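Peer 1: This is the structure, below, for whatever I ask next.
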There are 2 protein chains.
Amino acid sequence: MSNAVPARRYAKGEAKRREILAAALQLIAESGYRNSTLQDVADAVGLTKAGVLHYFESREDLITQVLQGRDDHDAVQLAQEARAGAGDREDDMLTLLSRAIRLNASVPGMVQLYSRVVVEAEDPQHPAHDYISERYELVAARIAASVQQRQSLGTARADLDPAQVARIVIAVSDGLQLQWMHARDDIDMSVDFDAALTLILGPA
Amino acid sequence: MSNAVPARRYAKGEAKRREILAAALQLIAESGYRNSTLQDVADAVGLTKAGVLHYFESREDLITQVLQGRDDHDAVQLAQEARAGAGDREDDMLTLLSRAIRLNASVPGMVQLYSRVVVEAEDPQHPAHDYISERYELVAARIAASVQQRQSLGTARADLDPAQVARIVIAVSDGLQLQWMHARDDIDMSVDFDAALTLILGPA
DNA sequence: ACCCAATCCCAACCAATGGTAGGTATTGTC
DNA sequence: GACAATACCTACCATTGGTTGGGATTGGGT
């Protein structure tokens, strides 16, 4: 749809592209978002700024794709964990989300990156705008489904509006991460999130 | 403590300072955060960039003070409303927060500004870092107190951990605003927040 | 084997932005 | 009316994201 990037046919190019993404991910994870300039990324992979911009339309585009890649990576890992850990029960989005938060607690840089992109992507012009909006919708839909399932199982109050609860749960997740960034040592996102879930969904 | 700014004695200066703050507030509110440069602010008040920077140490400092001013303004207004509206009952922080969110829904630019500063101020070097951290602590303490009060009144579950609930409520508030920025027309922050409050605190 | 188009990548350059340095003009106080 | 502080500007700088035009490389087609 919006992929105006050339189709990149040479193997070398594809490899370099991945190298750039990996380097950017690492830089952001360890030095934060604001301290990672295009020049830094370029240096890390032995290119110039222009070289990096040959692969990504802009810095924002690069960052968006880093986030997207991380998202995919996490999704796969979490799905595997869930499947391996607790029998072969259907993946429950709420459980997955809880795991994801616990995982995030080990990578402050990524939390910062995510929060930042969410805020900046509010502008419809931002390259990540569609991605973030769609992500919200997707996650919300899955949570809503999870809520509904629990309702039918009797492990969640029957009078809940699944869509509304989904929005609230996402809010708790995002909001806790914001607070956590400011007081990493004093807050256990994971514990608070699980507690919130229990409070909202009602007793099992 | 960190007020290294000269003590500004002339009346003209103080007036200009306020003018700058007002102009910046308006610019941000209507054009968003990213589209408001120092030059824009300077133009709006008939100064040069350097002129503006005579009053504020940096752009970030200016923005921080805009946010702070808005905060104070809101606090006063909300307190008045609350007092005028519902008898002379003690100000309840949770009620105040609910009102604040409803008020925010009319000023998207400010929500964006707030979210952005919260994210950026994660860096301890950021001029707003202390302000945001203290704000979090203050609000959390007040919410916790409010929860405790409701518990003793029997309008909130007795088994709640006030401090934890405070963090969760703040998370809901912040998180809903993030989502709202992306889908202003589809989300009613105010309704969702009140619903979340009811779910979390338990039946009245 | 060689052509040639696509791809890769760079040096040079540009514009915008936040910020600094130093000086001049204004203000208000004693 | 001097004199100190304050207000404010011009000129300048560094950094950053981004563009441009061209040169080097790659690899499939013939």
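Note on naming: chains are A, B, ... as they come in the structure tokens, residues start from 1 per chain, ligands start from 1 in the order shown.
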Which residues come within 12 Å of Leu199 in chain B, counting only C-alpha atoms (C1' of nucleotides), excluding same-chain residues fewer than 5 positions away, as a ChimeraX atom specification?
Peer 2: /A:156-157,159-161,164-165,168-169,196-203 /B:156-157,165,168-169,172,192-194,204
Peer 1: Pull out every residue of chain B sitting within 10 Å of chain D, counting only C-alpha atoms (C1' of nucleotides), and send them as number ranges by chain.
Peer 2: B: 6-10, 12-13, 16, 47-52, 54-55
Peer 1: With only C-alpha atoms (C1' of nucleotides) considered, list every residue of chain C at most 12 Å from chain A, as a ChimeraX atom specification.
Peer 2: /C:6-12
Peer 1: Residues at most 10 Å from range 117-131 of chain A, counting only C-alpha atoms (C1' of nucleotides), excluding those fewer than 4 positions away in the same chain, as an mmCIF file with N, CA, C and O atoms, in the first residue's frame?
Peer 2:
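Result file follows (selection-v6.cif):
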data_model
loop_
_atom_site.group_PDB
_atom_site.id
_atom_site.type_symbol
_atom_site.label_atom_id
_atom_site.label_comp_id
_atom_site.auth_asym_id
_atom_site.auth_seq_id
_atom_site.Cartn_x
_atom_site.Cartn_y
_atom_site.Cartn_z
ATOM 1 N N SER A 2 1.679 1.402 1.034
ATOM 2 C CA SER A 2 2.520 2.594 1.130
ATOM 3 C C SER A 2 3.985 2.224 0.905
ATOM 4 O O SER A 2 4.877 3.001 1.147
ATOM 5 N N TYR A 33 16.338 6.446 22.929
ATOM 6 C CA TYR A 33 15.789 6.887 21.657
ATOM 7 C C TYR A 33 16.466 8.161 21.176
ATOM 8 O O TYR A 33 16.923 8.264 20.055
ATOM 9 N N GLU A 57 13.286 5.225 4.210
ATOM 10 C CA GLU A 57 12.889 6.533 3.681
ATOM 11 C C GLU A 57 13.247 7.687 4.609
ATOM 12 O O GLU A 57 13.497 8.791 4.164
ATOM 13 N N SER A 58 13.229 7.425 5.875
ATOM 14 C CA SER A 58 13.533 8.470 6.839
ATOM 15 C C SER A 58 13.893 7.823 8.164
ATOM 16 O O SER A 58 13.751 6.611 8.339
ATOM 17 N N ARG A 59 14.343 8.648 9.056
ATOM 18 C CA ARG A 59 14.664 8.134 10.389
ATOM 19 C C ARG A 59 13.420 7.539 11.045
ATOM 20 O O ARG A 59 13.459 6.474 11.657
ATOM 21 N N GLU A 60 12.336 8.257 10.921
ATOM 22 C CA GLU A 60 11.097 7.772 11.524
ATOM 23 C C GLU A 60 10.680 6.434 10.931
ATOM 24 O O GLU A 60 10.175 5.560 11.625
ATOM 25 N N ASP A 61 10.898 6.313 9.648
ATOM 26 C CA ASP A 61 10.558 5.057 8.994
ATOM 27 C C ASP A 61 11.409 3.926 9.558
ATOM 28 O O ASP A 61 10.903 2.843 9.872
ATOM 29 N N LEU A 62 12.696 4.196 9.700
ATOM 30 C CA LEU A 62 13.590 3.187 10.270
ATOM 31 C C LEU A 62 13.116 2.771 11.655
ATOM 32 O O LEU A 62 12.986 1.585 11.963
ATOM 33 N N ILE A 63 12.841 3.753 12.467
ATOM 34 C CA ILE A 63 12.425 3.470 13.831
ATOM 35 C C ILE A 63 11.121 2.684 13.865
ATOM 36 O O ILE A 63 10.947 1.754 14.650
ATOM 37 N N THR A 64 10.229 3.063 12.987
ATOM 38 C CA THR A 64 8.971 2.326 12.906
ATOM 39 C C THR A 64 9.210 0.860 12.606
ATOM 40 O O THR A 64 8.623 -0.024 13.230
ATOM 41 N N GLN A 65 10.111 0.617 11.666
ATOM 42 C CA GLN A 65 10.364 -0.769 11.284
ATOM 43 C C GLN A 65 11.103 -1.532 12.372
ATOM 44 O O GLN A 65 10.940 -2.746 12.512
ATOM 45 N N LEU A 67 10.566 -1.049 15.528
ATOM 46 C CA LEU A 67 9.503 -1.373 16.469
ATOM 47 C C LEU A 67 8.661 -2.538 15.960
ATOM 48 O O LEU A 67 8.331 -3.461 16.699
ATOM 49 N N GLN A 68 8.364 -2.475 14.691
ATOM 50 C CA GLN A 68 7.552 -3.508 14.072
ATOM 51 C C GLN A 68 8.255 -4.864 14.147
ATOM 52 O O GLN A 68 7.649 -5.875 14.491
ATOM 53 N N VAL A 111 10.734 -0.005 25.784
ATOM 54 C CA VAL A 111 9.532 0.605 26.334
ATOM 55 C C VAL A 111 9.494 2.086 25.980
ATOM 56 O O VAL A 111 8.470 2.626 25.550
ATOM 57 N N GLN A 112 10.646 2.703 26.132
ATOM 58 C CA GLN A 112 10.765 4.113 25.788
ATOM 59 C C GLN A 112 10.460 4.311 24.310
ATOM 60 O O GLN A 112 9.691 5.202 23.933
ATOM 61 N N LEU A 113 11.035 3.472 23.489
ATOM 62 C CA LEU A 113 10.811 3.569 22.045
ATOM 63 C C LEU A 113 9.329 3.437 21.721
ATOM 64 O O LEU A 113 8.760 4.250 20.988
ATOM 65 N N ARG A 135 -2.487 -1.606 15.155
ATOM 66 C CA ARG A 135 -2.044 -2.415 16.282
ATOM 67 C C ARG A 135 -3.034 -2.283 17.438
ATOM 68 O O ARG A 135 -3.424 -3.271 18.057
ATOM 69 N N TYR A 136 -3.435 -1.037 17.705
ATOM 70 C CA TYR A 136 -4.411 -0.813 18.763
ATOM 71 C C TYR A 136 -5.681 -1.599 18.490
ATOM 72 O O TYR A 136 -6.210 -2.282 19.373
ATOM 73 N N GLU A 137 -6.157 -1.487 17.272
ATOM 74 C CA GLU A 137 -7.411 -2.171 16.935
ATOM 75 C C GLU A 137 -7.280 -3.681 17.084
ATOM 76 O O GLU A 137 -8.146 -4.343 17.641
ATOM 77 N N ASP A 174 -0.335 0.430 28.882
ATOM 78 C CA ASP A 174 0.457 1.573 28.406
ATOM 79 C C ASP A 174 0.792 2.522 29.548
ATOM 80 O O ASP A 174 1.927 2.992 29.679
ATOM 81 N N GLY B 32 -0.238 21.718 17.552
ATOM 82 C CA GLY B 32 0.474 20.547 18.020
ATOM 83 C C GLY B 32 1.870 20.879 18.505
ATOM 84 O O GLY B 32 2.336 22.010 18.402
ATOM 85 N N TYR B 33 2.494 19.887 19.011
ATOM 86 C CA TYR B 33 3.782 20.045 19.680
ATOM 87 C C TYR B 33 4.917 20.184 18.687
ATOM 88 O O TYR B 33 5.718 21.100 18.756
ATOM 89 N N ARG B 34 4.932 19.303 17.717
ATOM 90 C CA ARG B 34 6.055 19.241 16.791
ATOM 91 C C ARG B 34 6.095 20.446 15.856
ATOM 92 O O ARG B 34 7.128 20.782 15.308
ATOM 93 N N VAL B 111 -3.297 17.449 25.482
ATOM 94 C CA VAL B 111 -3.115 16.029 25.780
ATOM 95 C C VAL B 111 -1.843 15.525 25.117
ATOM 96 O O VAL B 111 -1.030 14.823 25.718
ATOM 97 N N GLN B 112 -1.672 15.940 23.890
ATOM 98 C CA GLN B 112 -0.468 15.570 23.148
ATOM 99 C C GLN B 112 0.772 16.104 23.863
ATOM 100 O O GLN B 112 1.753 15.384 24.053
ATOM 101 N N LEU B 113 0.696 17.352 24.244
ATOM 102 C CA LEU B 113 1.820 17.970 24.944
ATOM 103 C C LEU B 113 2.164 17.201 26.213
ATOM 104 O O LEU B 113 3.320 16.858 26.455
ATOM 105 N N TYR B 114 1.154 16.938 26.989
ATOM 106 C CA TYR B 114 1.374 16.227 28.254
ATOM 107 C C TYR B 114 2.008 14.856 28.018
ATOM 108 O O TYR B 114 3.013 14.512 28.634
ATOM 109 N N SER B 115 1.424 14.107 27.099
ATOM 110 C CA SER B 115 1.939 12.765 26.814
ATOM 111 C C SER B 115 3.399 12.831 26.388
ATOM 112 O O SER B 115 4.245 12.062 26.828
ATOM 113 N N ARG B 116 3.662 13.780 25.533
ATOM 114 C CA ARG B 116 4.996 13.899 24.991
ATOM 115 C C ARG B 116 6.017 14.235 26.072
ATOM 116 O O ARG B 116 7.102 13.659 26.125
ATOM 117 N N VAL B 117 5.663 15.168 26.903
ATOM 118 C CA VAL B 117 6.594 15.553 27.959
ATOM 119 C C VAL B 117 6.817 14.391 28.919
ATOM 120 O O VAL B 117 7.945 14.141 29.347
ATOM 121 N N VAL B 119 6.817 11.282 28.277
ATOM 122 C CA VAL B 119 7.728 10.321 27.666
ATOM 123 C C VAL B 119 9.156 10.856 27.639
ATOM 124 O O VAL B 119 10.103 10.168 28.009
ATOM 125 N N GLN B 177 -5.769 8.416 27.373
ATOM 126 C CA GLN B 177 -5.448 9.605 26.598
ATOM 127 C C GLN B 177 -4.583 9.255 25.384
ATOM 128 O O GLN B 177 -4.727 9.845 24.311
ATOM 129 N N LEU B 178 -3.692 8.294 25.562
ATOM 130 C CA LEU B 178 -2.876 7.857 24.424
ATOM 131 C C LEU B 178 -3.764 7.318 23.305
ATOM 132 O O LEU B 178 -3.607 7.664 22.133
ATOM 133 N N GLN B 179 -4.694 6.470 23.685
ATOM 134 C CA GLN B 179 -5.580 5.877 22.677
ATOM 135 C C GLN B 179 -6.476 6.939 22.054
ATOM 136 O O GLN B 179 -6.712 6.937 20.844
ATOM 137 N N TRP B 180 -6.926 7.816 22.898
ATOM 138 C CA TRP B 180 -7.843 8.860 22.421
ATOM 139 C C TRP B 180 -7.183 9.724 21.341
ATOM 140 O O TRP B 180 -7.818 10.132 20.377
ATOM 141 N N MET B 181 -5.890 9.971 21.510
ATOM 142 C CA MET B 181 -5.184 10.780 20.515
ATOM 143 C C MET B 181 -5.243 10.139 19.134
ATOM 144 O O MET B 181 -5.207 10.824 18.121
ATOM 145 N N HIS B 182 -5.311 8.824 19.126
ATOM 146 C CA HIS B 182 -5.313 8.125 17.845
ATOM 147 C C HIS B 182 -6.697 7.925 17.255
ATOM 148 O O HIS B 182 -6.840 7.601 16.080
ATOM 149 N N ALA B 183 -7.704 8.073 18.080
ATOM 150 C CA ALA B 183 -9.062 7.845 17.567
ATOM 151 C C ALA B 183 -10.036 8.705 18.358
ATOM 152 O O ALA B 183 -10.899 8.206 19.074
#
